[in-house]
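For reference, query.pdb (PDB, C-alpha atoms, pLDDT in the B column):
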ATOM      1  CA  MET A 129      -4.821  22.394  44.847  1.00 78.00           C
ATOM      2  CA  THR A 130      -8.343  21.887  43.512  1.00 88.00           C
ATOM      3  CA  GLY A 131     -10.718  24.589  42.381  1.00 82.00           C
ATOM      4  CA  ASN A 132     -12.711  24.110  45.579  1.00 87.00           C
ATOM      5  CA  ASP A 133      -9.565  24.521  47.697  1.00 89.00           C
ATOM      6  CA  LEU A 134      -8.696  27.703  45.839  1.00 89.00           C
ATOM      7  CA  GLU A 135     -12.224  29.064  46.305  1.00 88.00           C
ATOM      8  CA  ASN A 136     -12.079  28.363  50.053  1.00 88.00           C
ATOM      9  CA  PHE A 137      -8.651  30.003  50.316  1.00 93.00           C
ATOM     10  CA  TYR A 138      -9.931  33.094  48.479  1.00 93.00           C
ATOM     11  CA  ARG A 139     -13.060  33.299  50.649  1.00 92.00           C
ATOM     12  CA  GLU A 140     -11.064  33.029  53.889  1.00 94.00           C
ATOM     13  CA  HIS A 141      -8.823  35.918  52.879  1.00 96.00           C
ATOM     14  CA  LEU A 142     -11.795  37.941  51.693  1.00 97.00           C
ATOM     15  CA  GLU A 143     -13.514  37.466  55.041  1.00 97.00           C
ATOM     16  CA  GLU A 144     -10.334  38.466  56.859  1.00 97.00           C
ATOM     17  CA  ASP A 145     -10.133  41.676  54.799  1.00 98.00           C
ATOM     18  CA  ILE A 146     -13.799  42.484  55.492  1.00 98.00           C
ATOM     19  CA  VAL A 147     -13.366  41.953  59.250  1.00 98.00           C
ATOM     20  CA  LEU A 148     -10.242  44.112  59.415  1.00 98.00           C
ATOM     21  CA  CYS A 149     -11.844  46.849  57.327  1.00 98.00           C
ATOM     22  CA  LEU A 150     -14.953  46.860  59.529  1.00 98.00           C
ATOM     23  CA  SER A 151     -12.758  46.954  62.634  1.00 98.00           C
ATOM     24  CA  GLU A 152     -10.895  50.010  61.329  1.00 98.00           C
ATOM     25  CA  ARG A 153     -13.998  51.840  60.099  1.00 97.00           C
ATOM     26  CA  ARG A 154     -15.916  51.373  63.337  1.00 97.00           C
ATOM     27  CA  ASN A 155     -12.891  51.635  65.607  1.00 98.00           C
ATOM     28  CA  ILE A 156     -13.771  48.364  67.307  1.00 98.00           C
ATOM     29  CA  PRO A 157     -11.619  45.357  68.197  1.00 98.00           C
ATOM     30  CA  PRO A 158     -11.241  42.768  65.417  1.00 97.00           C
ATOM     31  CA  GLU A 159     -13.005  40.211  67.624  1.00 98.00           C
ATOM     32  CA  ASP A 160     -16.129  42.401  67.708  1.00 98.00           C
ATOM     33  CA  ALA A 161     -15.947  42.981  63.962  1.00 98.00           C
ATOM     34  CA  MET A 162     -15.599  39.240  63.446  1.00 97.00           C
ATOM     35  CA  ARG A 163     -18.673  38.574  65.570  1.00 97.00           C
ATOM     36  CA  LEU A 164     -20.699  41.144  63.613  1.00 97.00           C
ATOM     37  CA  TYR A 165     -19.551  39.727  60.294  1.00 97.00           C
ATOM     38  CA  TYR A 166     -20.113  36.049  61.052  1.00 96.00           C
ATOM     39  CA  HIS A 167     -23.617  36.732  62.386  1.00 97.00           C
ATOM     40  CA  SER A 168     -24.572  38.752  59.308  1.00 96.00           C
ATOM     41  CA  ARG A 169     -26.631  37.898  56.282  1.00 96.00           C
ATOM     42  CA  LEU A 170     -23.656  38.983  54.163  1.00 97.00           C
ATOM     43  CA  ALA A 171     -21.507  36.165  55.573  1.00 96.00           C
ATOM     44  CA  ASP A 172     -24.196  33.681  54.551  1.00 96.00           C
ATOM     45  CA  ARG A 173     -24.465  35.199  51.080  1.00 95.00           C
ATOM     46  CA  ILE A 174     -20.697  35.039  50.568  1.00 95.00           C
ATOM     47  CA  HIS A 175     -20.555  31.459  51.810  1.00 92.00           C
ATOM     48  CA  GLU A 176     -23.375  30.463  49.447  1.00 92.00           C
ATOM     49  CA  GLY A 177     -21.822  32.388  46.550  1.00 89.00           C
ATOM     50  CA  GLU A 178     -25.113  34.198  45.988  1.00 89.00           C
ATOM     51  CA  TYR A 179     -25.003  35.988  42.617  1.00 91.00           C
ATOM     52  CA  GLY A 180     -21.190  35.897  42.678  1.00 92.00           C
ATOM     53  CA  ILE A 181     -21.140  38.389  45.541  1.00 94.00           C
ATOM     54  CA  GLN A 182     -17.889  36.886  46.822  1.00 93.00           C
ATOM     55  CA  TYR A 183     -16.068  38.378  43.823  1.00 94.00           C
ATOM     56  CA  LEU A 184     -16.783  41.985  44.797  1.00 96.00           C
ATOM     57  CA  ASP A 185     -14.011  44.025  46.374  1.00 97.00           C
ATOM     58  CA  TYR A 186     -13.785  43.698  50.158  1.00 97.00           C
ATOM     59  CA  SER A 187     -14.366  47.441  50.631  1.00 97.00           C
ATOM     60  CA  VAL A 188     -17.628  47.238  48.667  1.00 98.00           C
ATOM     61  CA  LEU A 189     -18.634  44.202  50.722  1.00 98.00           C
ATOM     62  CA  THR A 190     -17.809  46.099  53.911  1.00 98.00           C
ATOM     63  CA  ASP A 191     -20.097  48.912  52.698  1.00 98.00           C
ATOM     64  CA  ILE A 192     -22.855  46.339  52.205  1.00 97.00           C
ATOM     65  CA  LEU A 193     -22.206  44.911  55.676  1.00 97.00           C
ATOM     66  CA  GLU A 194     -22.330  48.348  57.287  1.00 97.00           C
ATOM     67  CA  GLN A 195     -25.644  49.062  55.581  1.00 97.00           C
ATOM     68  CA  GLU A 196     -26.972  45.718  56.802  1.00 96.00           C
ATOM     69  CA  LEU A 197     -25.836  46.504  60.350  1.00 95.00           C
ATOM     70  CA  GLU A 198     -27.388  49.967  60.162  1.00 94.00           C
ATOM     71  CA  ASP A 199     -30.681  48.490  58.978  1.00 94.00           C
ATOM     72  CA  GLU A 200     -30.637  45.839  61.706  1.00 88.00           C
ATOM     73  CA  TYR A 201     -29.203  47.661  64.713  1.00 82.00           C
ATOM     74  CA  GLY A 202     -29.396  51.365  63.905  1.00 77.00           C
ATOM     75  CA  ASN A 203     -26.461  53.729  64.249  1.00 58.00           C
ATOM     76  CA  GLN A 204     -23.872  52.302  66.629  1.00 52.00           C
TER
END
Kindly return the structure encoded in the file as structure tokens.
Amino acid sequence: MTGNDLENFYREHLEEDIVLCLSERRNIPPEDAMRLYYHSRLADRIHEGEYGIQYLDYSVLTDILEQELEDEYGNQ
């Protein structure tokens, strides 16, 4: 397994944890949480590795995502 493979594996599991956490926090189906996540700026930032953001804990990243959603869509 190369370093790139390991990074991709880590990112996939991180994204899964974020989606499940968002689903639980908002009491929405995982499919809806997945849609919100993958259409977010946070998903892009994690994919790009912006400032090492992908190494933060998934719960902190979910907090960031919820703030982003609040800023974009208001209280849902």
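Put simply, the PyMOL selection byres ((chain A and resi 179-183) around 12) on this file hits A:Glu135, A:Asn136, A:Tyr138, A:Arg139, A:Glu140, A:His141, A:Leu142, A:Glu143, A:Ile146, A:Leu170, A:Ala171, A:Asp172, A:Arg173, A:Ile174, A:His175, A:Glu176, A:Gly177, A:Glu178, A:Leu184, A:Asp185, A:Tyr186, A:Ser187, A:Val188, A:Leu189, A:Thr190, A:Ile192.
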Using only C-alpha atoms, please write the residues we just selected to a file, as a JSON list (two decimals), in the frame of the given file.
[["chain", "number", "residue", "atom", "x", "y", "z"],
["A", 135, "GLU", "CA", -12.22, 29.06, 46.30],
["A", 136, "ASN", "CA", -12.08, 28.36, 50.05],
["A", 138, "TYR", "CA", -9.93, 33.09, 48.48],
["A", 139, "ARG", "CA", -13.06, 33.30, 50.65],
["A", 140, "GLU", "CA", -11.06, 33.03, 53.89],
["A", 141, "HIS", "CA", -8.82, 35.92, 52.88],
["A", 142, "LEU", "CA", -11.80, 37.94, 51.69],
["A", 143, "GLU", "CA", -13.51, 37.47, 55.04],
["A", 146, "ILE", "CA", -13.80, 42.48, 55.49],
["A", 170, "LEU", "CA", -23.66, 38.98, 54.16],
["A", 171, "ALA", "CA", -21.51, 36.16, 55.57],
["A", 172, "ASP", "CA", -24.20, 33.68, 54.55],
["A", 173, "ARG", "CA", -24.46, 35.20, 51.08],
["A", 174, "ILE", "CA", -20.70, 35.04, 50.57],
["A", 175, "HIS", "CA", -20.56, 31.46, 51.81],
["A", 176, "GLU", "CA", -23.38, 30.46, 49.45],
["A", 177, "GLY", "CA", -21.82, 32.39, 46.55],
["A", 178, "GLU", "CA", -25.11, 34.20, 45.99],
["A", 184, "LEU", "CA", -16.78, 41.98, 44.80],
["A", 185, "ASP", "CA", -14.01, 44.02, 46.37],
["A", 186, "TYR", "CA", -13.78, 43.70, 50.16],
["A", 187, "SER", "CA", -14.37, 47.44, 50.63],
["A", 188, "VAL", "CA", -17.63, 47.24, 48.67],
["A", 189, "LEU", "CA", -18.63, 44.20, 50.72],
["A", 190, "THR", "CA", -17.81, 46.10, 53.91],
["A", 192, "ILE", "CA", -22.86, 46.34, 52.20]]
Margin query: Suppose a student applies the PyMOL selection byres ((chain A and resi 162) around 9) to this structure; what residues should they get, written as an NGL selection string?
Written below: :A and (143-144 or 146-148 or 150-151 or 157-161 or 163-167)
Check: How many Å separate CA of Leu197 (chain A) from CA of Arg154 (chain A)?
Finding: 11.4 Å
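Distance-wise, CA of Asp191 (chain A) and CA of Asn155 (chain A) end up 15.0 Å apart.
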Report the centre and edge lengths, in Å to one decimal, of an axis-aligned box enclosing every atom of region 171-178 of chain A listed in the file, padded by 3 Å on each side, as lines of an AutoDock Vina configuration file.
center_x = -22.8
center_y = 33.3
center_z = 50.8
size_x = 10.6
size_y = 11.7
size_z = 15.6
Next item on the list: Figure out the distance between CA of Gln195 (chain A) and CA of Cys149 (chain A), please, to one decimal in Å.
Entry: 14.1 Å
